[in-house]
>>> print(open('model.csv').read())   # CSV, C-alpha atoms
chain,number,residue,atom,x,y,z
C,296,MET,CA,0.0,0.0,0.0
C,297,THR,CA,1.5,3.3,-1.1
C,298,PRO,CA,1.2,5.9,1.6
C,299,THR,CA,-0.6,9.1,0.7
C,300,ILE,CA,1.0,12.4,1.7
C,301,THR,CA,-1.4,15.3,1.8
C,302,THR,CA,-0.3,18.9,1.3
C,303,ARG,CA,-3.0,21.6,1.5
C,304,LEU,CA,-2.5,25.3,1.9
C,305,ALA,CA,-4.5,25.8,5.0
C,306,THR,CA,-5.9,28.7,7.0
C,307,PRO,CA,-4.3,28.8,10.4
C,308,GLU,CA,-6.5,29.9,13.4
C,309,GLY,CA,-6.0,32.9,15.6
C,310,TYR,CA,-6.0,35.6,12.9
C,311,ARG,CA,-8.6,38.3,12.3
C,312,SER,CA,-8.3,37.7,8.5
C,313,ALA,CA,-8.3,34.3,6.8
C,314,ALA,CA,-6.4,35.9,3.9
C,315,VAL,CA,-3.7,37.1,6.2
C,316,ALA,CA,-3.6,33.7,7.9
C,317,ARG,CA,-3.0,32.0,4.5
C,318,PHE,CA,-0.1,34.4,3.9
C,319,VAL,CA,1.4,33.4,7.2
C,320,TRP,CA,0.9,29.7,6.3
C,321,GLN,CA,2.9,30.3,3.2
C,322,LEU,CA,5.7,32.1,5.1
C,323,ASP,CA,5.8,29.3,7.6
C,324,GLU,CA,6.0,26.7,4.8
C,325,GLN,CA,9.0,28.6,3.3
C,326,ARG,CA,10.6,28.6,6.7
C,327,ARG,CA,10.1,24.9,7.2
C,328,ARG,CA,11.9,24.2,4.0
C,329,LEU,CA,14.6,26.7,4.6
C,330,THR,CA,15.2,25.1,8.0
C,331,GLU,CA,15.3,21.6,6.5
C,332,ASP,CA,17.7,22.8,3.8
C,333,THR,CA,20.2,24.4,6.2
C,334,ARG,CA,20.6,21.6,8.7
C,335,GLY,CA,24.2,20.5,9.2
C,336,LEU,CA,25.8,23.7,8.0
C,337,THR,CA,28.9,24.5,9.9
C,338,PRO,CA,30.2,28.1,10.7
C,339,ALA,CA,32.7,27.5,7.8
C,340,ASP,CA,29.9,26.7,5.4
C,341,LEU,CA,27.9,29.7,6.6
C,342,GLU,CA,30.7,32.2,5.9
C,343,TRP,CA,32.0,30.7,2.6
C,344,GLN,CA,32.0,33.1,-0.3
C,345,SER,CA,31.7,31.8,-3.9
C,346,ALA,CA,33.8,34.8,-4.9
C,347,PRO,CA,34.9,38.1,-3.3
C,348,GLY,CA,32.0,40.4,-3.1
C,349,MET,CA,29.4,37.6,-3.0
C,350,ASN,CA,27.0,37.0,-0.2
C,351,THR,CA,27.5,34.1,2.2
C,352,ILE,CA,24.7,31.8,3.4
C,353,GLY,CA,25.1,33.4,6.9
C,354,MET,CA,24.6,36.8,5.4
C,355,LEU,CA,21.6,35.7,3.5
C,356,LEU,CA,20.0,34.2,6.6
C,357,ALA,CA,20.7,37.3,8.6
C,358,HIS,CA,19.3,39.4,5.8
C,359,ILE,CA,16.1,37.4,5.7
C,360,ALA,CA,15.6,37.9,9.4
C,361,PHE,CA,16.5,41.6,9.3
C,362,ALA,CA,14.3,42.3,6.3
C,363,GLU,CA,11.3,40.5,7.9
C,364,ALA,CA,11.5,42.4,11.1
C,365,ASN,CA,11.9,45.7,9.3
C,366,LEU,CA,9.1,45.1,6.9
C,367,ALA,CA,6.8,44.0,9.7
C,368,GLN,CA,7.5,47.2,11.6
C,369,VAL,CA,7.4,49.8,8.8
C,370,GLY,CA,5.2,47.8,6.4
C,371,LEU,CA,2.6,46.0,8.5
C,372,ASN,CA,2.7,48.1,11.7
C,373,GLY,CA,3.1,51.4,9.9
C,374,GLU,CA,6.0,52.6,12.0
C,375,VAL,CA,8.0,55.5,10.6
C,376,THR,CA,11.4,53.9,11.3
C,377,GLY,CA,12.3,50.2,11.6
C,378,HIS,CA,14.2,48.9,14.6
C,379,PRO,CA,14.9,45.2,13.7
C,380,HIS,CA,17.8,45.1,16.0
C,381,ASP,CA,15.4,45.2,19.0
C,382,VAL,CA,13.8,42.0,17.6
C,383,ILE,CA,16.6,39.9,16.2
C,384,GLY,CA,19.8,41.4,17.7
C,385,ILE,CA,21.3,42.1,14.3
C,386,THR,CA,21.8,45.5,12.7
C,387,GLU,CA,21.8,46.4,9.0
C,388,ALA,CA,25.6,46.9,9.2
C,389,ASP,CA,26.0,43.5,10.8
C,390,GLU,CA,24.3,41.6,7.9
C,391,GLY,CA,26.7,43.5,5.6
C,392,MET,CA,24.4,43.7,2.5
C,393,PRO,CA,24.8,45.0,-0.1
C,394,LEU,CA,28.4,43.9,0.0
C,395,VAL,CA,30.9,46.1,-1.8
C,396,SER,CA,32.5,44.7,-4.9
C,397,GLY,CA,35.4,42.5,-4.0
C,398,ALA,CA,34.7,42.6,-0.3
C,399,PRO,CA,35.0,39.7,2.2
C,400,PRO,CA,32.0,38.5,4.2
C,401,ALA,CA,30.4,40.7,6.8
C,402,PRO,CA,32.8,40.6,9.8
C,403,ALA,CA,30.0,40.9,12.4
C,404,LEU,CA,28.9,37.4,11.4
C,405,ALA,CA,32.3,35.7,11.5
C,406,GLY,CA,32.2,32.4,13.4
C,407,LYS,CA,28.5,32.5,14.0
C,408,ASP,CA,26.8,29.1,14.1
C,409,LEU,CA,23.5,27.9,12.7
C,410,ALA,CA,21.8,28.3,16.1
C,411,PHE,CA,22.6,32.0,16.0
C,412,PHE,CA,20.8,32.4,12.6
C,413,ASP,CA,17.9,30.1,13.6
C,414,ALA,CA,17.3,32.2,16.7
C,415,ALA,CA,17.2,35.4,14.6
C,416,LEU,CA,14.8,33.9,12.1
C,417,ALA,CA,12.5,32.6,14.8
C,418,SER,CA,12.4,35.9,16.6
C,419,ALA,CA,11.5,37.7,13.3
C,420,ARG,CA,8.8,35.3,12.6
C,421,GLU,CA,7.2,35.5,16.0
C,422,HIS,CA,7.2,39.2,15.7
C,423,THR,CA,5.5,39.0,12.3
C,424,ARG,CA,2.9,36.6,13.6
C,425,THR,CA,2.1,38.9,16.5
C,426,ILE,CA,1.4,41.8,14.1
C,427,ALA,CA,-0.3,39.7,11.5
C,428,ARG,CA,-2.8,38.4,14.0
C,429,THR,CA,-4.3,41.9,14.4
C,430,LEU,CA,-4.7,42.6,10.6
C,431,SER,CA,-8.1,42.6,9.0
C,432,ASP,CA,-9.1,42.0,5.4
C,433,ALA,CA,-9.4,45.7,4.9
C,434,ASP,CA,-5.9,46.2,6.2
C,435,LEU,CA,-4.6,44.3,3.2
C,436,MET,CA,-5.7,47.1,0.9
C,437,ALA,CA,-4.5,49.8,3.3
C,438,ASP,CA,-1.8,52.0,1.8
C,439,VAL,CA,1.4,52.8,3.7
C,440,VAL,CA,3.0,56.0,2.5
C,441,ARG,CA,6.6,56.2,3.5
C,442,PRO,CA,8.4,59.5,4.2
C,443,PRO,CA,10.3,60.9,1.2
C,444,ARG,CA,13.8,59.6,0.7
C,445,PRO,CA,16.8,62.0,0.5
C,446,ASP,CA,16.7,61.6,-3.3
C,447,GLY,CA,13.1,62.8,-3.4
C,448,THR,CA,11.5,59.5,-4.2
C,449,GLN,CA,8.6,58.3,-2.1
C,450,ARG,CA,7.2,54.7,-1.7
C,451,VAL,CA,3.6,53.8,-1.4
C,452,PHE,CA,2.5,50.2,-0.9
C,453,ASN,CA,-0.4,48.3,0.6
C,454,LYS,CA,-0.1,45.7,3.4
C,455,GLY,CA,-1.1,42.9,1.0
C,456,TRP,CA,2.0,43.7,-1.0
C,457,VAL,CA,4.1,43.6,2.1
C,458,LEU,CA,3.0,40.1,2.9
C,459,TYR,CA,3.6,39.0,-0.6
C,460,HIS,CA,7.0,40.7,-0.6
C,461,LEU,CA,7.9,38.9,2.7
C,462,LEU,CA,7.2,35.6,1.0
C,463,GLU,CA,9.0,36.2,-2.3
C,464,HIS,CA,11.9,37.8,-0.6
C,465,GLU,CA,12.5,34.8,1.6
C,466,ALA,CA,11.9,32.4,-1.3
C,467,GLY,CA,14.4,34.2,-3.5
C,468,HIS,CA,17.1,34.1,-0.9
C,469,HIS,CA,16.2,30.5,0.0
C,470,GLY,CA,16.9,29.6,-3.6
C,471,GLN,CA,20.2,31.4,-3.4
C,472,ILE,CA,21.1,29.5,-0.2
C,473,ASN,CA,20.4,26.2,-2.0
C,474,LEU,CA,22.5,27.3,-4.9
C,475,LEU,CA,25.4,28.1,-2.6
C,476,ARG,CA,25.1,24.7,-1.0
C,477,HIS,CA,25.1,23.1,-4.4
C,478,LEU,CA,28.1,25.1,-5.5
C,479,GLN,CA,30.0,24.2,-2.4
C,480,ARG,CA,29.4,20.5,-3.0
C,481,ALA,CA,30.2,20.8,-6.7
C,482,MET,CA,33.5,22.6,-5.9
C,483,ALA,CA,34.5,20.3,-3.1
C,484,GLY,CA,33.7,17.3,-5.3
C,485,SER,CA,35.9,18.5,-8.1
C,486,GLY,CA,38.9,19.0,-5.8
C,487,ALA,CA,39.2,22.6,-7.0
C,488,ALA,CA,41.6,24.7,-4.9
T,261,MET,CA,9.6,66.0,-6.9
T,262,HIS,CA,9.4,62.4,-8.1
T,263,ALA,CA,6.2,60.6,-8.5
T,264,PRO,CA,5.5,58.1,-5.7
T,265,ARG,CA,6.7,54.6,-6.4
T,266,GLN,CA,3.8,52.3,-5.9
T,267,ARG,CA,3.6,48.7,-4.8
T,268,ILE,CA,-0.1,48.0,-4.6
T,269,LEU,CA,-1.1,44.3,-4.7
T,270,VAL,CA,-4.6,43.9,-6.1
T,271,PRO,CA,-6.2,40.9,-7.8
T,272,VAL,CA,-5.9,40.7,-11.5
T,273,ALA,CA,-9.1,41.9,-13.1
T,274,GLY,CA,-11.3,39.5,-15.1
T,275,ILE,CA,-10.5,36.4,-12.9
T,276,PRO,CA,-13.6,35.0,-11.3
T,277,SER,CA,-11.9,34.3,-8.0
T,278,PRO,CA,-10.2,37.3,-6.3
T,279,GLU,CA,-7.9,34.9,-4.4
T,280,ILE,CA,-6.8,33.4,-7.7
T,281,GLY,CA,-6.5,36.8,-9.1
T,282,LEU,CA,-4.2,37.7,-6.2
T,283,PHE,CA,-2.0,34.7,-6.9
T,284,LEU,CA,-1.7,35.8,-10.6
T,285,ALA,CA,-0.8,39.4,-9.6
T,286,GLN,CA,2.0,38.0,-7.5
T,287,MET,CA,3.2,35.7,-10.2
T,288,ASP,CA,3.1,38.5,-12.7
T,289,ASP,CA,5.1,40.7,-10.4
T,290,GLN,CA,7.8,38.0,-10.1
T,291,SER,CA,7.8,37.7,-13.9
T,292,ARG,CA,8.1,41.5,-14.3
T,293,ARG,CA,11.0,41.6,-12.0
T,294,LEU,CA,12.7,38.6,-13.6
T,295,THR,CA,12.2,40.2,-17.0
T,296,GLU,CA,13.7,43.5,-15.8
T,297,ASP,CA,16.7,41.8,-14.1
T,298,SER,CA,17.5,39.6,-17.0
T,299,ARG,CA,17.7,42.3,-19.8
T,300,GLY,CA,21.0,42.3,-21.5
T,301,ALA,CA,21.9,38.7,-20.7
T,302,THR,CA,23.8,37.4,-23.7
T,303,VAL,CA,23.7,33.9,-25.2
T,304,ALA,CA,27.0,33.2,-23.5
T,305,GLU,CA,25.8,34.4,-20.1
T,306,LEU,CA,22.6,32.4,-20.4
T,307,ALA,CA,24.6,29.2,-21.0
T,308,TRP,CA,27.3,30.0,-18.3
T,309,GLN,CA,27.8,27.4,-15.6
T,310,PRO,CA,29.5,28.5,-12.3
T,311,ARG,CA,30.8,24.9,-12.1
T,312,PRO,CA,30.1,21.7,-14.1
T,313,GLY,CA,26.9,20.2,-12.7
T,314,THR,CA,25.3,23.5,-11.7
T,315,ASN,CA,22.4,25.2,-13.5
T,316,THR,CA,22.7,28.0,-16.0
T,317,ILE,CA,20.4,31.0,-16.2
T,318,GLY,CA,18.9,29.6,-19.3
T,319,MET,CA,18.2,26.2,-17.7
T,320,LEU,CA,16.5,28.0,-14.7
T,321,MET,CA,14.3,30.1,-17.0
T,322,ALA,CA,13.2,27.1,-19.0
T,323,HIS,CA,12.6,25.2,-15.8
T,324,ASN,CA,10.3,27.9,-14.5
T,325,ALA,CA,8.2,27.7,-17.6
T,326,ILE,CA,8.1,23.9,-17.7
T,327,VAL,CA,7.2,23.6,-14.0
T,328,GLU,CA,4.5,26.2,-14.3
T,329,LEU,CA,2.9,24.4,-17.2
T,330,TYR,CA,3.3,21.1,-15.3
T,331,TRP,CA,1.6,22.2,-12.1
T,332,ILE,CA,-1.2,24.0,-13.8
T,333,SER,CA,-1.9,20.9,-15.9
T,334,ILE,CA,-2.1,18.9,-12.7
T,335,ALA,CA,-4.5,21.5,-11.2
T,336,ALA,CA,-6.6,21.3,-14.4
T,337,GLY,CA,-6.6,17.5,-14.4
T,338,ILE,CA,-5.1,17.2,-17.9
T,339,PRO,CA,-1.9,15.7,-19.2
T,340,CYS,CA,1.0,18.1,-19.5
T,341,ASP,CA,1.5,18.9,-23.2
T,342,CYS,CA,4.9,20.5,-22.7
T,343,GLN,CA,6.1,19.8,-26.3
T,344,GLY,CA,2.9,21.1,-27.9
T,345,LEU,CA,2.5,24.2,-25.8
T,346,LEU,CA,6.1,25.3,-25.2
T,347,GLY,CA,7.9,23.6,-28.0
T,348,VAL,CA,10.4,21.9,-25.6
T,349,GLY,CA,10.1,18.6,-23.8
T,350,MET,CA,9.6,18.1,-20.0
T,351,ASP,CA,13.3,17.2,-19.5
T,352,ASP,CA,14.8,19.7,-21.9
T,353,ASP,CA,15.7,22.1,-19.1
T,354,GLY,CA,18.2,19.5,-18.0
T,355,ILE,CA,17.2,19.8,-14.3
T,356,PRO,CA,18.3,18.0,-12.2
T,357,LEU,CA,21.7,18.0,-13.9
T,358,PRO,CA,23.9,15.0,-13.1
T,359,GLU,CA,27.0,15.7,-11.0
T,360,GLY,CA,29.7,17.3,-13.2
T,361,ALA,CA,27.5,17.5,-16.3
T,362,LEU,CA,27.4,20.3,-18.8
T,363,PRO,CA,24.2,22.2,-19.8
T,364,PRO,CA,21.7,20.3,-22.0
T,365,ALA,CA,22.4,20.5,-25.7
T,366,THR,CA,18.7,21.3,-26.2
T,367,LEU,CA,19.3,24.9,-24.8
T,368,ALA,CA,22.6,25.5,-26.5
T,369,GLY,CA,22.7,28.8,-28.4
T,370,LYS,CA,19.3,29.9,-27.2
T,371,ASP,CA,18.9,33.7,-26.7
T,372,LEU,CA,16.9,35.7,-24.2
T,373,ALA,CA,13.9,36.0,-26.6
T,374,PHE,CA,13.6,32.2,-26.6
T,375,PHE,CA,13.4,32.0,-22.9
T,376,ASP,CA,11.1,35.0,-22.7
T,377,ASP,CA,8.8,33.3,-25.1
T,378,LEU,CA,8.8,30.0,-23.0
T,379,ARG,CA,7.8,32.0,-19.9
T,380,ALA,CA,5.1,33.9,-21.7
T,381,ARG,CA,3.6,30.8,-23.1
T,382,ALA,CA,3.5,29.1,-19.7
T,383,ARG,CA,1.9,32.2,-18.1
T,384,ALA,CA,-0.8,32.4,-20.9
T,385,PHE,CA,-1.7,28.8,-20.1
T,386,THR,CA,-2.0,29.6,-16.5
T,387,TYR,CA,-4.3,32.6,-17.3
T,388,GLY,CA,-6.4,30.4,-19.5
T,389,TRP,CA,-7.2,28.1,-16.6
T,390,ALA,CA,-7.5,30.8,-14.0
T,391,LYS,CA,-10.3,32.4,-16.0
T,392,ARG,CA,-12.2,29.1,-15.8
T,393,TRP,CA,-11.7,28.5,-12.1
T,394,THR,CA,-13.9,29.7,-9.2
T,395,ALA,CA,-13.2,30.1,-5.5
T,396,ASP,CA,-14.4,26.5,-5.0
T,397,ASP,CA,-11.5,25.2,-7.1
T,398,LEU,CA,-9.0,26.5,-4.6
T,399,ASP,CA,-10.0,23.8,-2.1
T,400,ARG,CA,-10.3,21.1,-4.7
T,401,THR,CA,-7.7,18.4,-4.2
T,402,VAL,CA,-5.8,16.5,-6.9
T,403,PRO,CA,-3.6,13.5,-6.9
T,404,TRP,CA,0.1,13.8,-7.6
T,405,THR,CA,2.4,10.9,-8.1
T,406,ARG,CA,6.1,11.3,-7.1
T,407,ARG,CA,8.9,8.9,-6.7
T,408,ASP,CA,8.3,8.8,-2.9
T,409,GLY,CA,4.7,8.0,-3.2
T,410,GLU,CA,1.2,9.3,-3.8
T,411,TRP,CA,0.5,12.9,-2.8
T,412,THR,CA,-2.7,14.9,-2.5
T,413,VAL,CA,-2.4,18.6,-3.0
T,414,ASN,CA,-5.0,21.3,-3.2
T,415,VAL,CA,-5.2,23.9,-6.0
T,416,ARG,CA,-4.5,26.7,-3.6
T,417,TRP,CA,-1.2,25.0,-2.7
T,418,ILE,CA,-0.3,24.6,-6.4
T,419,LEU,CA,-0.7,28.3,-7.0
T,420,TYR,CA,1.4,29.1,-4.0
T,421,HIS,CA,4.0,26.6,-5.2
T,422,VAL,CA,4.2,28.0,-8.7
T,423,LEU,CA,4.8,31.4,-7.1
T,424,GLU,CA,7.4,30.5,-4.6
T,425,HIS,CA,9.1,28.2,-7.1
T,426,GLU,CA,9.5,31.1,-9.6
T,427,ALA,CA,10.7,33.3,-6.7
T,428,GLY,CA,13.3,30.9,-5.6
T,429,HIS,CA,14.8,30.4,-9.1
T,430,TYR,CA,14.5,34.1,-9.8
T,431,GLY,CA,16.7,34.6,-6.8
T,432,GLN,CA,19.2,32.1,-8.2
T,433,ILE,CA,19.2,33.8,-11.6
T,434,ASN,CA,20.1,37.1,-9.9
T,435,PHE,CA,22.9,35.3,-8.0
T,436,VAL,CA,24.3,33.6,-11.1
T,437,ARG,CA,24.3,37.0,-12.9
T,438,HIS,CA,26.1,38.5,-10.0
T,439,LEU,CA,28.6,35.7,-10.0
T,440,TYR,CA,29.1,35.9,-13.7
T,441,ARG,CA,30.0,39.6,-13.4
T,442,SER,CA,32.3,38.8,-10.5
T,443,THR,CA,34.1,36.0,-12.2
T,444,PRO,CA,36.9,37.0,-14.7
T,445,ALA,CA,36.4,35.4,-18.1
T,446,GLY,CA,37.8,31.9,-18.0
T,447,ALA,CA,38.2,31.8,-14.2
T,448,GLU,CA,36.2,29.7,-11.8
T,449,PRO,CA,34.6,30.7,-8.4
T,450,VAL,CA,36.6,30.2,-5.3
T,451,ALA,CA,36.7,26.6,-3.9
T,452,PRO,CA,35.4,26.1,-0.3
T,453,GLY,CA,38.1,26.6,2.3
T,454,THR,CA,40.1,29.0,0.1
T,455,PRO,CA,40.7,32.3,1.9
T,456,THR,CA,39.1,35.2,-0.1
>>> encode(input="model.csv", output="structure tokens")
Amino acid sequence: MTPTITTRLATPEGYRSAAVARFVWQLDEQRRRLTEDTRGLTPADLEWQSAPGMNTIGMLLAHIAFAEANLAQVGLNGEVTGHPHDVIGITEADEGMPLVSGAPPAPALAGKDLAFFDAALASAREHTRTIARTLSDADLMADVVRPPRPDGTQRVFNKGWVLYHLLEHEAGHHGQINLLRHLQRAMAGSGAA
Amino acid sequence: MHAPRQRILVPVAGIPSPEIGLFLAQMDDQSRRLTEDSRGATVAELAWQPRPGTNTIGMLMAHNAIVELYWISIAAGIPCDCQGLLGVGMDDDGIPLPEGALPPATLAGKDLAFFDDLRARARAFTYGWAKRWTADDLDRTVPWTRRDGEWTVNVRWILYHVLEHEAGHYGQINFVRHLYRSTPAGAEPVAPGTPT
């Protein structure tokens, strides 16, 4: 008898909006897969660069956590200024992105182990969940108007876009992390030095 | 004073189910960004491998198109006519590439217009079905056979998966473009354990 595995995009309970709850389900599904795909990574794996100026897996994990906390604060919560460090203990300078051309990995992340990045990611997600539970269907269409930037540009987005952006942002960097793991294996296997 | 830059997610008009319309809006946003970020990629760049056995940008673009067609066909309960609708076979993307292998010959010499066309055809197929589906279709379950057994998935999950699958490979394409620009012609990326 072949076992049947069921995968349904579900609607978690505890949210004001079913639509928001389904976004959170998708975020959590991404996180489950990211967690699975990163098990076993050593500090050396986490700070390996494929070439000078390229992001490491550790930098990408820190960036996912930083961006999530920041987007939840300024995007979902409508705060004027993000303060992700209060949630994840990592600053924008610490994550080191964008890395300058030819630069080595972000020094603040040197030697950090997987548990460090797991903790930052978990803190960011709990923070997102706390805010997301309060959002209504109408909030998804609510515009957030950001203060003008120094160059005169101004961003306007709705909270539905923020939830989508959280998902695609993590998915994109998750894909890059998997590519880096593949590249590490391919290069180790070829005996390249 | 610059005009405000807007990121407003709204369901695509003309789709019976707003939730499906919202998935389409997200997929289209991913495609728009992938299109923007891939302009200027030459035939050589599209076929460039960071290392033997790793995917090229062209392979990833073809893979996105094939996988979208595959999953929407499953959601629709019809056989996947990849050759007929895209003009390439299911395996012509070469993914997964065997260890140490070179890119598939089927994609050799293909230019950006070729891959743009594949992606556009796949998306048109998705639109064709999305226009027929209602909100009830989102909870409809369909069987899916994989090497590890029989799976049951719902259409809502399929739409999510098509989206996140495209997003993941879009991220990889950006990474490979960055690596291509960072790697001197003829050189290879740095091996693990090598100080940089």
>>> residues_around(input="model.csv", residues="Leu341 (chain C)", least_positions_apart="4", cutoff="9 Å", atoms="all atoms listed in the file", output="ChimeraX atom specification")
/C:336-337,351-354,405-409
>>> closest_residue(input="model.csv", among="T:Val413, T:Leu419, T:Leu345, T:Leu320", to="Thr301 (chain C)", atoms="all atoms listed in the file")
T:Val413
>>> atom_distance(input="model.csv", atom1="CA of Asn350 (chain C)", atom2="CA of His438 (chain T)")
10.0 Å
>>> closest_residue(input="model.csv", among="C:Ile359, C:Ala410, C:Gln321, C:Glu465", to="Gly335 (chain C)", atoms="only C-alpha atoms")
C:Ala410
>>> atom_distance(input="model.csv", atom1="CA of Arg441 (chain T)", atom2="CA of Leu294 (chain T)")
17.3 Å
>>> closest_atom_pairs(input="model.csv", of="chain C", to="chain T", cutoff="8 Å", atoms="all atoms listed in the file", output="JSON lines")
{"residue": "C:Thr297", "atom": "CA", "partner": "T:Gly409", "partner_atom": "CA", "distance": 6.1}
{"residue": "C:Pro298", "atom": "CA", "partner": "T:Gly409", "partner_atom": "CA", "distance": 6.3}
{"residue": "C:Thr299", "atom": "CA", "partner": "T:Glu410", "partner_atom": "CA", "distance": 4.9}
{"residue": "C:Ile300", "atom": "CA", "partner": "T:Trp411", "partner_atom": "CA", "distance": 4.6}
{"residue": "C:Thr301", "atom": "CA", "partner": "T:Thr412", "partner_atom": "CA", "distance": 4.5}
{"residue": "C:Thr302", "atom": "CA", "partner": "T:Val413", "partner_atom": "CA", "distance": 4.8}
{"residue": "C:Arg303", "atom": "CA", "partner": "T:Asn414", "partner_atom": "CA", "distance": 5.1}
{"residue": "C:Leu304", "atom": "CA", "partner": "T:Trp417", "partner_atom": "CA", "distance": 4.8}
{"residue": "C:Gln321", "atom": "CA", "partner": "T:Tyr420", "partner_atom": "CA", "distance": 7.5}
{"residue": "C:Ala339", "atom": "CA", "partner": "T:Gly453", "partner_atom": "CA", "distance": 7.8}
{"residue": "C:Asp340", "atom": "CA", "partner": "T:Pro452", "partner_atom": "CA", "distance": 7.9}
{"residue": "C:Trp343", "atom": "CA", "partner": "T:Pro452", "partner_atom": "CA", "distance": 6.4}
{"residue": "C:Gln344", "atom": "CA", "partner": "T:Val450", "partner_atom": "CA", "distance": 7.4}
{"residue": "C:Ser345", "atom": "CA", "partner": "T:Val450", "partner_atom": "CA", "distance": 5.3}
{"residue": "C:Ala346", "atom": "CA", "partner": "T:Val450", "partner_atom": "CA", "distance": 5.4}
{"residue": "C:Pro347", "atom": "CA", "partner": "T:Thr456", "partner_atom": "CA", "distance": 6.0}
{"residue": "C:Gly348", "atom": "CA", "partner": "T:Ser442", "partner_atom": "CA", "distance": 7.6}
{"residue": "C:Met349", "atom": "CA", "partner": "T:Leu439", "partner_atom": "CA", "distance": 7.3}
{"residue": "C:Pro399", "atom": "CA", "partner": "T:Thr456", "partner_atom": "CA", "distance": 6.5}
{"residue": "C:Met436", "atom": "CA", "partner": "T:Leu269", "partner_atom": "CA", "distance": 7.8}
{"residue": "C:Asp438", "atom": "CA", "partner": "T:Ile268", "partner_atom": "CA", "distance": 7.7}
{"residue": "C:Gly447", "atom": "CA", "partner": "T:Met261", "partner_atom": "CA", "distance": 5.9}
{"residue": "C:Thr448", "atom": "CA", "partner": "T:His262", "partner_atom": "CA", "distance": 5.3}
{"residue": "C:Gln449", "atom": "CA", "partner": "T:Pro264", "partner_atom": "CA", "distance": 4.8}
{"residue": "C:Arg450", "atom": "CA", "partner": "T:Arg265", "partner_atom": "CA", "distance": 4.7}
{"residue": "C:Val451", "atom": "CA", "partner": "T:Gln266", "partner_atom": "CA", "distance": 4.7}
{"residue": "C:Phe452", "atom": "CA", "partner": "T:Arg267", "partner_atom": "CA", "distance": 4.3}
{"residue": "C:Asn453", "atom": "CA", "partner": "T:Ile268", "partner_atom": "CA", "distance": 5.2}
{"residue": "C:Gly455", "atom": "CA", "partner": "T:Leu269", "partner_atom": "CA", "distance": 5.9}
{"residue": "C:Trp456", "atom": "CA", "partner": "T:Leu269", "partner_atom": "CA", "distance": 4.9}
{"residue": "C:Tyr459", "atom": "CA", "partner": "T:Gln286", "partner_atom": "CA", "distance": 7.2}
{"residue": "C:Leu462", "atom": "CA", "partner": "T:Glu424", "partner_atom": "CA", "distance": 7.6}
{"residue": "C:Glu463", "atom": "CA", "partner": "T:Ala427", "partner_atom": "CA", "distance": 5.5}
{"residue": "C:His464", "atom": "CA", "partner": "T:Ala427", "partner_atom": "CA", "distance": 7.7}
{"residue": "C:Ala466", "atom": "CA", "partner": "T:Gly428", "partner_atom": "CA", "distance": 4.8}
{"residue": "C:Gly467", "atom": "CA", "partner": "T:Gly431", "partner_atom": "CA", "distance": 4.0}
{"residue": "C:His468", "atom": "CA", "partner": "T:Gly431", "partner_atom": "CA", "distance": 5.9}
{"residue": "C:His469", "atom": "CA", "partner": "T:Gly428", "partner_atom": "CA", "distance": 6.3}
{"residue": "C:Gly470", "atom": "CA", "partner": "T:Gly428", "partner_atom": "CA", "distance": 4.3}
{"residue": "C:Gln471", "atom": "CA", "partner": "T:Gln432", "partner_atom": "CA", "distance": 5.0}
{"residue": "C:Leu474", "atom": "CA", "partner": "T:Gln432", "partner_atom": "CA", "distance": 6.7}
{"residue": "C:His477", "atom": "CA", "partner": "T:Thr314", "partner_atom": "CA", "distance": 7.3}
{"residue": "C:Leu478", "atom": "CA", "partner": "T:Thr314", "partner_atom": "CA", "distance": 7.0}
{"residue": "C:Gln479", "atom": "CA", "partner": "T:Pro452", "partner_atom": "CA", "distance": 6.1}
{"residue": "C:Ala481", "atom": "CA", "partner": "T:Arg311", "partner_atom": "CA", "distance": 6.8}
{"residue": "C:Met482", "atom": "CA", "partner": "T:Ala451", "partner_atom": "CA", "distance": 5.5}
{"residue": "C:Ala483", "atom": "CA", "partner": "T:Pro452", "partner_atom": "CA", "distance": 6.5}
{"residue": "C:Ala487", "atom": "CA", "partner": "T:Ala451", "partner_atom": "CA", "distance": 5.6}
{"residue": "C:Ala488", "atom": "CA", "partner": "T:Ala451", "partner_atom": "CA", "distance": 5.3}
>>> atom_distance(input="model.csv", atom1="CA of Ala305 (chain C)", atom2="CA of Phe318 (chain C)")
9.7 Å
>>> closest_residue(input="model.csv", among="C:Thr429, C:Thr423, C:Gln325, C:Ser312", to="Ala362 (chain C)", atoms="all atoms listed in the file")
C:Thr423
>>> residues_around(input="model.csv", residues="Thr302 (chain T)", least_positions_apart="3", cutoff="10 Å", atoms="all atoms listed in the file", output="ChimeraX atom specification")
/T:298-299,305-308,369-372
>>> closest_residue(input="model.csv", among="C:Ala388, C:Ala401, C:Gly373, C:Leu356", to="Ala414 (chain C)", atoms="only C-alpha atoms")
C:Leu356
>>> residues_near_point(input="model.csv", point="(16.9, 33.6, 7.5)", cutoff="8 Å", atoms="only C-alpha atoms", output="list in words")
Leu329, Leu355, Leu356, Ala357, His358, Ile359, Ala360, Phe412, Asp413, Ala415, Leu416 and Glu465 of chain C
>>> closest_residue(input="model.csv", among="C:Glu421, C:Thr306, C:Val375, C:Trp320", to="Pro443 (chain C)", atoms="all atoms listed in the file")
C:Val375
>>> residues_around(input="model.csv", residues="Gly309 (chain C)", least_positions_apart="5", cutoff="10 Å", atoms="only C-alpha atoms", output="PyMOL selection string")
chain C and resi 316+424+427-429
>>> residues_around(input="model.csv", residues="Val382 (chain C)", least_positions_apart="2", cutoff="9 Å", atoms="all atoms listed in the file", output="list in words")
Phe361, Ala364, His378, Pro379, His380, Gly384, Ile385, Ala415, Ser418, Ala419 and His422 of chain C
>>> residues_near_point(input="model.csv", point="(-10.7, 44.2, 4.8)", cutoff="12 Å", atoms="all atoms listed in the file", output="ChimeraX atom specification")
/C:311-315,429-437,453-455
